[in-house]
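Novice: Starting off with a structure, shown below.
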Amino acid sequence: MNLAAAAHAEMIRQGFHPDFPATTQTQIDQVRATAADRLATPGVTDLRSLLWSSIDNDTSRDLDQIEWAERTPQGIRVLIGVADVDAAVGKGSPIDQHAADQTTSVYTPAFVFPMLPEELSTDLTSLAENEDRLAMVVEYTVNTSAPDNECDVDGLLLSRKIYRALVNNRAQLAYDSVGNWLEGKSNPPAKVAASPELQAQLHLQDEAAQTLHKHRILCGALEFDRVEAEADMQENTVQALKARRKTRANDIIEDFMIAANETMARTLLQAGRSSIRRVVRTPKRWDRIVALAAEKGTQLPAQPDSGALDKFLIEQKLADPVHYPDTSLSVIKLMGPGIYVLTNSKDPDQGHFGLAAHDYTHSTAPNRRFADVVTQRIMKAMLANQPPAYSDDELQTLAGHCTAMEDAARKVERNTLKMAAALSLATHIGQTYAAVVTGASDKGTYVRIADPPVEGRVMQGAKGLDVGDEINVKLLHVNPERGFIDFASLRT
């Protein structure tokens, strides 16, 4: 089975246009020819002397952000450099129109369908190692002396600033190797071992991230431990399916980006600029979350309460770490996905339930998400005292389209992963697995098994099952071409 071809067909089926327009190469050539001129943009702060580094997946080349930190009397000053995609991709240009249509890069086991041409996203607009690049810098100071018994975002993040800069990524690093080192499980990766200054940088960033994380939890953010499946591919062939877990290095990037996105959203709101916010509204199936907690001996409030829910999750992680990822996944499914919305000074109260954030947007991944490019343009117009880059009507339309295409991207990624999973399970028909119910509706009942970490449909014995139920299942049948994995419930 050709997984790359199957993924391409799935992209089209879900409403994407994965092939770039004919005029793309001409624009790429223009972007490359004018690269030096962009670096000479006046009024841009030169920060190339700082020891910037990036942390991403081992194979990532579309690098969106780099980080640097220093200790100050007020706390730890953090700088996040975000790739200035807008500088290279003009609004309304052919590449921009294609990105606005796609809205996101889509990651499948056999192939990545980039929102921007790879000549840009993995080169000219990527914050690649040892390359001078333009960036939008989000700066804030993490108050390490902030009280650890109260939620005070303004008291935690001090001296927030956003400005344009010239940067150079001095060390491209990977989550697993850095995370294992920070957790004391391995020696530092070669680049880190060779630089005491870089080691100090990463320890300082880790300290700042842990402070941010602790206060986010204090404010009611939910702490999940989700296991994601990753296909080990060789020459378009699935060798195995393995679980990918978070490390301390993942936490650094996650907590830094959340703070940067909050800073971006709040700055735009205070300036009276309309923007696209990223929100997760109050869970519609809170009653089922309450029932799930009750099954595990915890009484949650009748009304949605993120603080109480996070306390339950933390208790479950401590009490049963083996099954905690299943509990996390169940709650994630019941909360529902995030959406993009128009936010302005007339309607500022758009929160993110899962992050316990009242001001949140997407701005730190412009090579991969179009909403981030839009936010970047809005911010640059504000900094330059120019009229808004988009009208409210345009933002409203873009928010709806980005939400719809993100949902389509999840379907592509889920379906193609199922194709890969079905291939890996083809020789295991009749085997039994421990599973957790991840979906239950008129469309069907679905479960997730832990090893390998894949989802499938319950074709026999589904009656009465609901999200969060833990059962045993038997593998009945697989259809790799359609991504079907069928189970029978063995619940007595």
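Ligands are numbered from 1 in the order shown, chains are lettered A, B, ... in the order of the structure tokens, and residues start at 1 in each chain.
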Using DSSP on the backbone, list every residue of stretch 177-422 of chain A that comes out as strand (DSSP E or B), and give them as a PyMOL selection string.

Specialist: chain A and resi 228-234+237-244+275-280+339-343+352+357+369

Novice: Counting only C-alpha atoms, which residue out of A:Ala69, A:Val454, A:Ile253, A:Leu204 sits closest to A:Asn415?

Specialist: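 For A:Asn415, the nearest of the candidates is A:Val454.
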
Novice: Applying 12 Å and only C-alpha atoms, which residues near stretch 182-196 of chain A remain after dropping the ones on its own chain fewer than 4 positions away? List them as a PDB file with N, CA and C atoms, in the first residue's frame.

Specialist:
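Saved as part19.pdb:
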ATOM      1  N   LEU A  51      22.739  33.813  22.546  1.00  0.00           N
ATOM      2  CA  LEU A  51      22.852  32.369  22.353  1.00  0.00           C
ATOM      3  C   LEU A  51      21.457  31.771  22.209  1.00  0.00           C
ATOM      4  N   SER A  53      18.584  29.258  20.888  1.00  0.00           N
ATOM      5  CA  SER A  53      18.502  27.836  20.554  1.00  0.00           C
ATOM      6  C   SER A  53      17.048  27.485  20.281  1.00  0.00           C
ATOM      7  N   SER A  54      16.851  26.379  19.584  1.00  0.00           N
ATOM      8  CA  SER A  54      15.501  25.882  19.320  1.00  0.00           C
ATOM      9  C   SER A  54      15.401  24.447  19.812  1.00  0.00           C
ATOM     10  N   ILE A  55      14.200  24.034  20.193  1.00  0.00           N
ATOM     11  CA  ILE A  55      13.940  22.646  20.562  1.00  0.00           C
ATOM     12  C   ILE A  55      12.693  22.212  19.811  1.00  0.00           C
ATOM     13  N   GLU A 129      19.404  26.647  11.876  1.00  0.00           N
ATOM     14  CA  GLU A 129      20.646  26.831  12.620  1.00  0.00           C
ATOM     15  C   GLU A 129      21.674  27.607  11.799  1.00  0.00           C
ATOM     16  N   ARG A 170      21.622  29.500  17.194  1.00  0.00           N
ATOM     17  CA  ARG A 170      22.981  28.968  17.368  1.00  0.00           C
ATOM     18  C   ARG A 170      23.004  27.464  17.627  1.00  0.00           C
ATOM     19  N   ALA A 171      21.831  26.892  17.995  1.00  0.00           N
ATOM     20  CA  ALA A 171      21.818  25.450  18.297  1.00  0.00           C
ATOM     21  C   ALA A 171      20.421  24.885  18.074  1.00  0.00           C
ATOM     22  N   GLN A 172      20.282  24.045  17.047  1.00  0.00           N
ATOM     23  CA  GLN A 172      19.019  23.344  16.811  1.00  0.00           C
ATOM     24  C   GLN A 172      19.045  22.046  17.607  1.00  0.00           C
ATOM     25  N   LEU A 173      18.121  21.922  18.580  1.00  0.00           N
ATOM     26  CA  LEU A 173      18.097  20.798  19.508  1.00  0.00           C
ATOM     27  C   LEU A 173      16.788  20.019  19.371  1.00  0.00           C
ATOM     28  N   ALA A 174      16.744  18.842  19.985  1.00  0.00           N
ATOM     29  CA  ALA A 174      15.580  17.960  19.862  1.00  0.00           C
ATOM     30  C   ALA A 174      14.991  17.644  21.237  1.00  0.00           C
ATOM     31  N   TYR A 175      13.662  17.458  21.263  1.00  0.00           N
ATOM     32  CA  TYR A 175      12.943  17.223  22.513  1.00  0.00           C
ATOM     33  C   TYR A 175      13.508  16.054  23.306  1.00  0.00           C
ATOM     34  N   ASP A 176      13.616  14.892  22.667  1.00  0.00           N
ATOM     35  CA  ASP A 176      13.966  13.683  23.404  1.00  0.00           C
ATOM     36  C   ASP A 176      15.333  13.785  24.061  1.00  0.00           C
ATOM     37  N   SER A 177      16.349  14.191  23.306  1.00  0.00           N
ATOM     38  CA  SER A 177      17.702  14.222  23.859  1.00  0.00           C
ATOM     39  C   SER A 177      17.857  15.284  24.941  1.00  0.00           C
ATOM     40  N   VAL A 178      17.275  16.466  24.730  1.00  0.00           N
ATOM     41  CA  VAL A 178      17.357  17.516  25.749  1.00  0.00           C
ATOM     42  C   VAL A 178      16.511  17.143  26.967  1.00  0.00           C
ATOM     43  N   ALA A 200      23.881  26.127  30.737  1.00  0.00           N
ATOM     44  CA  ALA A 200      23.313  27.087  31.695  1.00  0.00           C
ATOM     45  C   ALA A 200      22.034  27.701  31.143  1.00  0.00           C
ATOM     46  N   GLN A 201      22.033  27.992  29.828  1.00  0.00           N
ATOM     47  CA  GLN A 201      20.845  28.544  29.186  1.00  0.00           C
ATOM     48  C   GLN A 201      19.645  27.617  29.354  1.00  0.00           C
ATOM     49  N   LEU A 202      19.835  26.350  29.051  1.00  0.00           N
ATOM     50  CA  LEU A 202      18.725  25.396  29.091  1.00  0.00           C
ATOM     51  C   LEU A 202      18.242  25.168  30.515  1.00  0.00           C
ATOM     52  N   HIS A 203      19.150  25.140  31.473  1.00  0.00           N
ATOM     53  CA  HIS A 203      18.728  25.005  32.872  1.00  0.00           C
ATOM     54  C   HIS A 203      17.911  26.227  33.304  1.00  0.00           C
ATOM     55  N   LEU A 204      18.316  27.410  32.854  1.00  0.00           N
ATOM     56  CA  LEU A 204      17.587  28.628  33.191  1.00  0.00           C
ATOM     57  C   LEU A 204      16.210  28.621  32.535  1.00  0.00           C
ATOM     58  N   GLN A 205      16.139  28.216  31.284  1.00  0.00           N
ATOM     59  CA  GLN A 205      14.849  28.117  30.610  1.00  0.00           C
ATOM     60  C   GLN A 205      13.946  27.101  31.294  1.00  0.00           C
ATOM     61  N   ASP A 206      14.524  25.998  31.712  1.00  0.00           N
ATOM     62  CA  ASP A 206      13.768  24.970  32.421  1.00  0.00           C
ATOM     63  C   ASP A 206      13.204  25.518  33.726  1.00  0.00           C
ATOM     64  N   GLU A 207      14.007  26.279  34.443  1.00  0.00           N
ATOM     65  CA  GLU A 207      13.540  26.886  35.699  1.00  0.00           C
ATOM     66  C   GLU A 207      12.383  27.850  35.449  1.00  0.00           C
ATOM     67  N   LYS A 246       5.678  13.218  26.287  1.00  0.00           N
ATOM     68  CA  LYS A 246       6.273  14.519  26.566  1.00  0.00           C
ATOM     69  C   LYS A 246       7.471  14.379  27.501  1.00  0.00           C
ATOM     70  N   THR A 247       8.411  15.315  27.375  1.00  0.00           N
ATOM     71  CA  THR A 247       9.558  15.404  28.265  1.00  0.00           C
ATOM     72  C   THR A 247       9.616  16.804  28.865  1.00  0.00           C
ATOM     73  N   ARG A 248      10.605  17.033  29.712  1.00  0.00           N
ATOM     74  CA  ARG A 248      10.783  18.367  30.279  1.00  0.00           C
ATOM     75  C   ARG A 248      11.079  19.390  29.186  1.00  0.00           C
ATOM     76  N   ALA A 249      11.739  18.957  28.117  1.00  0.00           N
ATOM     77  CA  ALA A 249      12.009  19.882  27.017  1.00  0.00           C
ATOM     78  C   ALA A 249      10.721  20.299  26.324  1.00  0.00           C
ATOM     79  N   ASN A 250       9.776  19.369  26.153  1.00  0.00           N
ATOM     80  CA  ASN A 250       8.455  19.726  25.613  1.00  0.00           C
ATOM     81  C   ASN A 250       7.784  20.764  26.491  1.00  0.00           C
ATOM     82  N   ASP A 251       7.922  20.587  27.807  1.00  0.00           N
ATOM     83  CA  ASP A 251       7.290  21.518  28.746  1.00  0.00           C
ATOM     84  C   ASP A 251       7.866  22.925  28.605  1.00  0.00           C
ATOM     85  N   ILE A 252       9.181  23.031  28.363  1.00  0.00           N
ATOM     86  CA  ILE A 252       9.781  24.356  28.181  1.00  0.00           C
ATOM     87  C   ILE A 252       9.091  25.082  27.036  1.00  0.00           C
TER      88      ILE A 252
END

Novice: A:Asp46, A:Asp310, A:Asp58, A:Asp86: which is nearest A:Val31, counting only C-alpha atoms?

Specialist: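 Checking each candidate against A:Val31, we get A:Asp86 as the closest.
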
Novice: Just want the 10 Å neighbourhood of A:Ala426, counted on only C-alpha atoms, with same-chain residues fewer than 4 positions away dropped. Output as a PyMOL selection string.

Specialist: chain A and resi 421-422+475+477-480+485
